[in-house]
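Visitor: Below is a structure I'd like to ask you about.
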Amino acid sequence: MPPVAVIDIGSNSIKLLVAGKSDSGRLAARQIRTIEARISAGISLENPRLGPEGAVCGIRAVAELVADASAFGPQEIIIVATSAVRGAANGREFCASIQAETGRPVRILTGEEEANLIARGLLCDPALESLRDFYVFDLGGGSLECLDFRDRRAVQAVSLPLGCVRLTEIFVADPAAPFAAGRLIAAHVRKAVVEAGFSLAQGGPAVGTGGTLTTARAVLGARKGQTLEETDPRLAVSQLREMLTQVGGLSLADRRKVPGLPSARADVFPAALSTLVALADLGGFDSYHHSLYNLRWGVASEVLCGA
C-alpha cells in the first residue's frame with residue numbers, strides 16, 4: 001500500500017509526515033520534516049487575522065512540503081489546519097490561497113476533531129502500549145488539547161485557547177526582556193482547565209506532545225552532546241522548572257543563543273514551559289513522557305487503518 005502524506009499547519013510551525021503501513025500492521029514514518037513558519041501573530045486579538053507576512057510564509061512552507069511529499073508517491077497528500085487558522089477571520093481565504101498554489105484543499109479541524117485525531121495518533125506509539133490509564137497534553141502555539149485515557153479509551157477531551165503564542169501575546173509585555181509572567185500564566189492555565197471541567201482527579205501518568213517538549217529534550221541533549229533520539233523521552237517536571245528559571249532569566253537575544261533552542265521559538269518558550277509546569281502542579285505529575293506521535297499520525301492512521 002502506498003504511503004500517505006499529512007501536512008499539519010500549526011500556529012508555530014508547519015509539519016510533514018509521510019507514513020506507510022509495515023508488514024506488522026504498524027505505521028512507520030518514511031519522512032518527517034518541520035518548517036518554522038509562525039503564521040499566528042496577533043492570535044490573541046479579539047478579531048484575529050493572519051497577517052500578510054505570516055500568510056505568505058505559510059503558503060510557501062506548505063508548497064515546499066507538498067513537493068517534498070510528492071517524491072514518495074503517496075496515495076494522498078492531506079493538509080490540515082488547527083487553532084490559528086480556524087480562529088482567524090481570514091482563515092478560509094488563507095486556505096483558498098494554499099489550494100490555488102498547490103492544487104490541494106485544506107481541512108480546517110474543529111477543536112474536537114483535533115483532540116480526537118491526537119488521541120488516535122498517540123495510540124500508534126509503541127512506547128505507550130503498556131499504558132492503560134493516562135493523560136495527554138498537546139501544547140501548540142494557539143491551543144492546548146487535554147485528553148484523559150481510561151483503559152486506552154479517551155473519556156475526556158477538551159481544546160483550550162492556551163497555546164504559547166497566544167499566552168505570550170496576552171501576558172508578556174516585553175518579549176525581549178527576561179521572562180516575568182510565569183505566575184500570571186500559571187494561574188490563568190489552572191483557572192482555564194478547572195473552568196473547562198477537565199478532571200485531573202483520577203491520576204495516572206502524563207504524556208506530552210508538541211514542540212515545547214521536543215525543544216526541552218533538544219536543549220537537555222545539547223548540554224550532553226546527545227541527539228534528540230539519544231535523549232530520555234521522560235522529562236521530570238523538576239527539569240522543566242529548572243529550565244524555565246534558567247532560560248526565562250535570559251533576555252530574548254541570549255535565549256536565541258541557547259544550544260538546542262530554535263531561534264524562532266525563543267520568545268514563546270518560557271510561556272510554554274510555564275504552562276506545562278502549571279498543568280503538572282494541578283495534576284500532581286512529576287514527569288511527562290514525551291511522544292512524537294501526534295495529530296499527523298492520527299490523520300495517517302485514519303487513512304491507512306480505517307475507522
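Ordering of the C-alpha cells sets the chain letters (A, B, ...); residue numbers start at 1 within each chain; ligands are numbered from 1 in the order shown.
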For Ala154 in chain A, please output as number ranges by chain all residues within 10 Å (counting only C-alpha atoms; exclusion window: fewer than 6 positions along the same chain).

Guide: A: 115-116, 119-120, 133-136, 147-148

Visitor: Could you save the residues just selected, with N, CA and C atoms, as a CSV table (one decimal), in the first residue's frame?

Guide:
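The resulting file, selection.csv, is reproduced below:
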```csv
chain,number,residue,atom,x,y,z
A,115,ALA,N,-8.5,17.2,18.9
A,115,ALA,CA,-8.3,16.4,20.0
A,115,ALA,C,-8.4,14.9,19.7
A,116,ASN,N,-9.5,14.5,19.0
A,116,ASN,CA,-9.7,13.1,18.7
A,116,ASN,C,-8.6,12.5,17.8
A,119,ALA,N,-5.6,11.9,19.9
A,119,ALA,CA,-5.8,10.7,20.6
A,119,ALA,C,-5.5,9.5,19.8
A,120,ARG,N,-5.9,9.5,18.6
A,120,ARG,CA,-5.7,8.3,17.7
A,120,ARG,C,-4.2,8.2,17.4
A,133,ASP,N,-4.2,3.7,31.6
A,133,ASP,CA,-4.8,5.0,32.1
A,133,ASP,C,-3.8,6.1,32.1
A,134,PHE,N,-4.0,7.1,31.4
A,134,PHE,CA,-3.0,8.2,31.3
A,134,PHE,C,-3.7,9.5,30.8
A,135,TYR,N,-3.0,10.6,31.0
A,135,TYR,CA,-3.4,11.9,30.5
A,135,TYR,C,-2.5,12.2,29.3
A,136,VAL,N,-3.0,13.0,28.4
A,136,VAL,CA,-2.2,13.5,27.3
A,136,VAL,C,-2.4,15.0,27.2
A,147,LEU,N,-6.4,15.4,27.1
A,147,LEU,CA,-7.1,14.2,26.9
A,147,LEU,C,-6.9,13.3,28.1
A,148,ASP,N,-7.9,12.5,28.4
A,148,ASP,CA,-7.8,11.6,29.6
A,148,ASP,C,-8.2,10.2,29.0
```

Visitor: Among range 11-184 of chain A, which residues carry a DSSP assignment of helix (DSSP H, G or I), reported as an NGL selection string?

Guide: :A and (52-70 or 83-86 or 91-102 or 111-122 or 126-128 or 164-171 or 182-184)

Visitor: Interatomic distance between CA of Met243 in chain A and CA of Gly142 in chain A?

Guide: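 Interatomic distance, CA of Met243 in chain A to CA of Gly142 in chain A: 22.2 Å.
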
Visitor: Mind checking which residues fall within 10 Å of Glu112 in chain A, counting only C-alpha atoms, ignoring those fewer than 3 positions away in the same chain, and posting them as a ChimeraX atom specification?

Guide: /A:109,115-118,145,157-159

Visitor: Pull N, CA and C atoms from the residues just selected and write them as a PDB file, in the first residue's frame.

Guide:
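again22.pdb written:
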```
ATOM      1  N   LEU A 109      -9.663  21.813  10.980  1.00  0.00           N
ATOM      2  CA  LEU A 109     -10.179  20.944  12.036  1.00  0.00           C
ATOM      3  C   LEU A 109     -10.862  21.748  13.132  1.00  0.00           C
ATOM      4  N   ALA A 115      -8.539  17.167  18.860  1.00  0.00           N
ATOM      5  CA  ALA A 115      -8.291  16.352  20.046  1.00  0.00           C
ATOM      6  C   ALA A 115      -8.447  14.864  19.732  1.00  0.00           C
ATOM      7  N   ASN A 116      -9.476  14.497  18.978  1.00  0.00           N
ATOM      8  CA  ASN A 116      -9.711  13.084  18.661  1.00  0.00           C
ATOM      9  C   ASN A 116      -8.601  12.509  17.791  1.00  0.00           C
ATOM     10  N   LEU A 117      -8.087  13.303  16.847  1.00  0.00           N
ATOM     11  CA  LEU A 117      -7.011  12.815  15.983  1.00  0.00           C
ATOM     12  C   LEU A 117      -5.692  12.716  16.748  1.00  0.00           C
ATOM     13  N   ILE A 118      -5.472  13.621  17.687  1.00  0.00           N
ATOM     14  CA  ILE A 118      -4.294  13.499  18.552  1.00  0.00           C
ATOM     15  C   ILE A 118      -4.394  12.205  19.363  1.00  0.00           C
ATOM     16  N   GLU A 145      -4.548  20.920  23.863  1.00  0.00           N
ATOM     17  CA  GLU A 145      -5.510  19.817  23.876  1.00  0.00           C
ATOM     18  C   GLU A 145      -5.220  18.936  25.096  1.00  0.00           C
ATOM     19  N   ALA A 157     -11.935  14.975  26.598  1.00  0.00           N
ATOM     20  CA  ALA A 157     -11.118  15.650  25.588  1.00  0.00           C
ATOM     21  C   ALA A 157     -11.604  17.085  25.466  1.00  0.00           C
ATOM     22  N   VAL A 158     -10.693  18.031  25.707  1.00  0.00           N
ATOM     23  CA  VAL A 158     -11.040  19.442  25.552  1.00  0.00           C
ATOM     24  C   VAL A 158      -9.910  20.155  24.818  1.00  0.00           C
ATOM     25  N   SER A 159     -10.286  21.183  24.076  1.00  0.00           N
ATOM     26  CA  SER A 159      -9.317  22.047  23.400  1.00  0.00           C
ATOM     27  C   SER A 159      -9.459  23.438  24.004  1.00  0.00           C
TER      28      SER A 159
END
```

Visitor: Can you work out the spacing between CA of Gln31 in chain A and CA of Ala222 in chain A in Å, to one decimal?

Guide: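 Value for the CA of Gln31 in chain A-CA of Ala222 in chain A distance: 23.4 Å.
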
Visitor: Please return as a VMD selection string: the residues of range 33-279 of chain A that backbone DSSP assigns to strand (DSSP E or B).

Guide: chain A and resid 33 to 36 76 to 81 106 to 108 134 to 139 144 to 150 153 to 160 206 to 209 234 to 236

Visitor: Nearest to Thr209 in chain A: which of A:Ala127, A:Val303, A:Val66, A:Leu139 is it, counting only C-alpha atoms?

Guide: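 Closest to Thr209 in chain A, using only C-alpha atoms: A:Leu139.
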
Visitor: Quick one: everything within 9 Å of Cys95 in chain A, counting only C-alpha atoms, minus sequence neighbours fewer than 6 positions away in the same chain. Send it as an MDAnalysis selection string.

Guide: chainID A and resid 59 81 85 105:108

Visitor: With only C-alpha atoms as the basis for distance, which of A:Gln246, A:Ser44, A:Gln239, A:Gln202 is at the shortest distance from Leu220 in chain A?

Guide: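 The shortest atom-to-atom distance to Leu220 in chain A comes from A:Gln239.
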
Visitor: I'd like the contact shell of Ala266 in chain A - 6 Å cut-off, only C-alpha atoms, skipping same-chain residues fewer than 2 positions apart - returned as a ChimeraX atom specification.

Guide: /A:255-256,263-264,268-269

Visitor: Only C-alpha atoms, please: the residues just picked out, written as a PDB file, in the first residue's frame.

Guide:
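So selection03.pdb came out as:
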```pdb
ATOM      1  CA  ARG A 255      17.785  32.894  24.699  1.00  0.00           C
ATOM      2  CA  ARG A 256      18.395  32.699  20.967  1.00  0.00           C
ATOM      3  CA  SER A 263      15.635  30.945  17.469  1.00  0.00           C
ATOM      4  CA  ALA A 264      12.051  31.137  16.183  1.00  0.00           C
ATOM      5  CA  VAL A 268       7.401  31.794  23.393  1.00  0.00           C
ATOM      6  CA  PHE A 269       9.396  29.005  25.064  1.00  0.00           C
TER       7      PHE A 269
END
```

Visitor: From the set A:Glu169, A:Glu302, A:Glu114, A:Glu129, which residue has the shortest atom-to-atom contact distance to Ser143 in chain A, counting only C-alpha atoms?

Guide: A:Glu114

Visitor: With only C-alpha atoms as the atoms that count, which of A:Arg296, A:Ala181, A:Ala176, A:Ala201 lies nearest to Leu252 in chain A?

Guide: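 That would be A:Ala176, the residue with the smallest distance to Leu252 in chain A.
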
Visitor: So, with only C-alpha atoms as the atoms that count, which of A:Leu162, A:Ala236, A:Ala69, A:Ala61 lies closest to Asp286 in chain A?

Guide: A:Ala236

Visitor: Excluding Phe179 in chain A and any residue of its chain fewer than 2 positions from it, enumerate the residues within 7 Å of it, using only C-alpha atoms, and give them as a list in words.

Guide: Ala177, Ala181, Gly248, Gly249 and Pro270 of chain A

Visitor: Using only C-alpha atoms, which residues sit within 12 Å of Val62 in chain A once same-chain residues fewer than 6 positions away are excluded, as a PyMOL selection string?

Guide: chain A and resi 6-10+13-16+33-37+39+55-56+68-69+77-81+94-95+97-106

Visitor: Select, from A:Leu261, A:Val247, A:Val193, A:Leu228, the residue with the minimum atom-to-atom distance to Thr212 in chain A, counting only C-alpha atoms.

Guide: A:Leu261
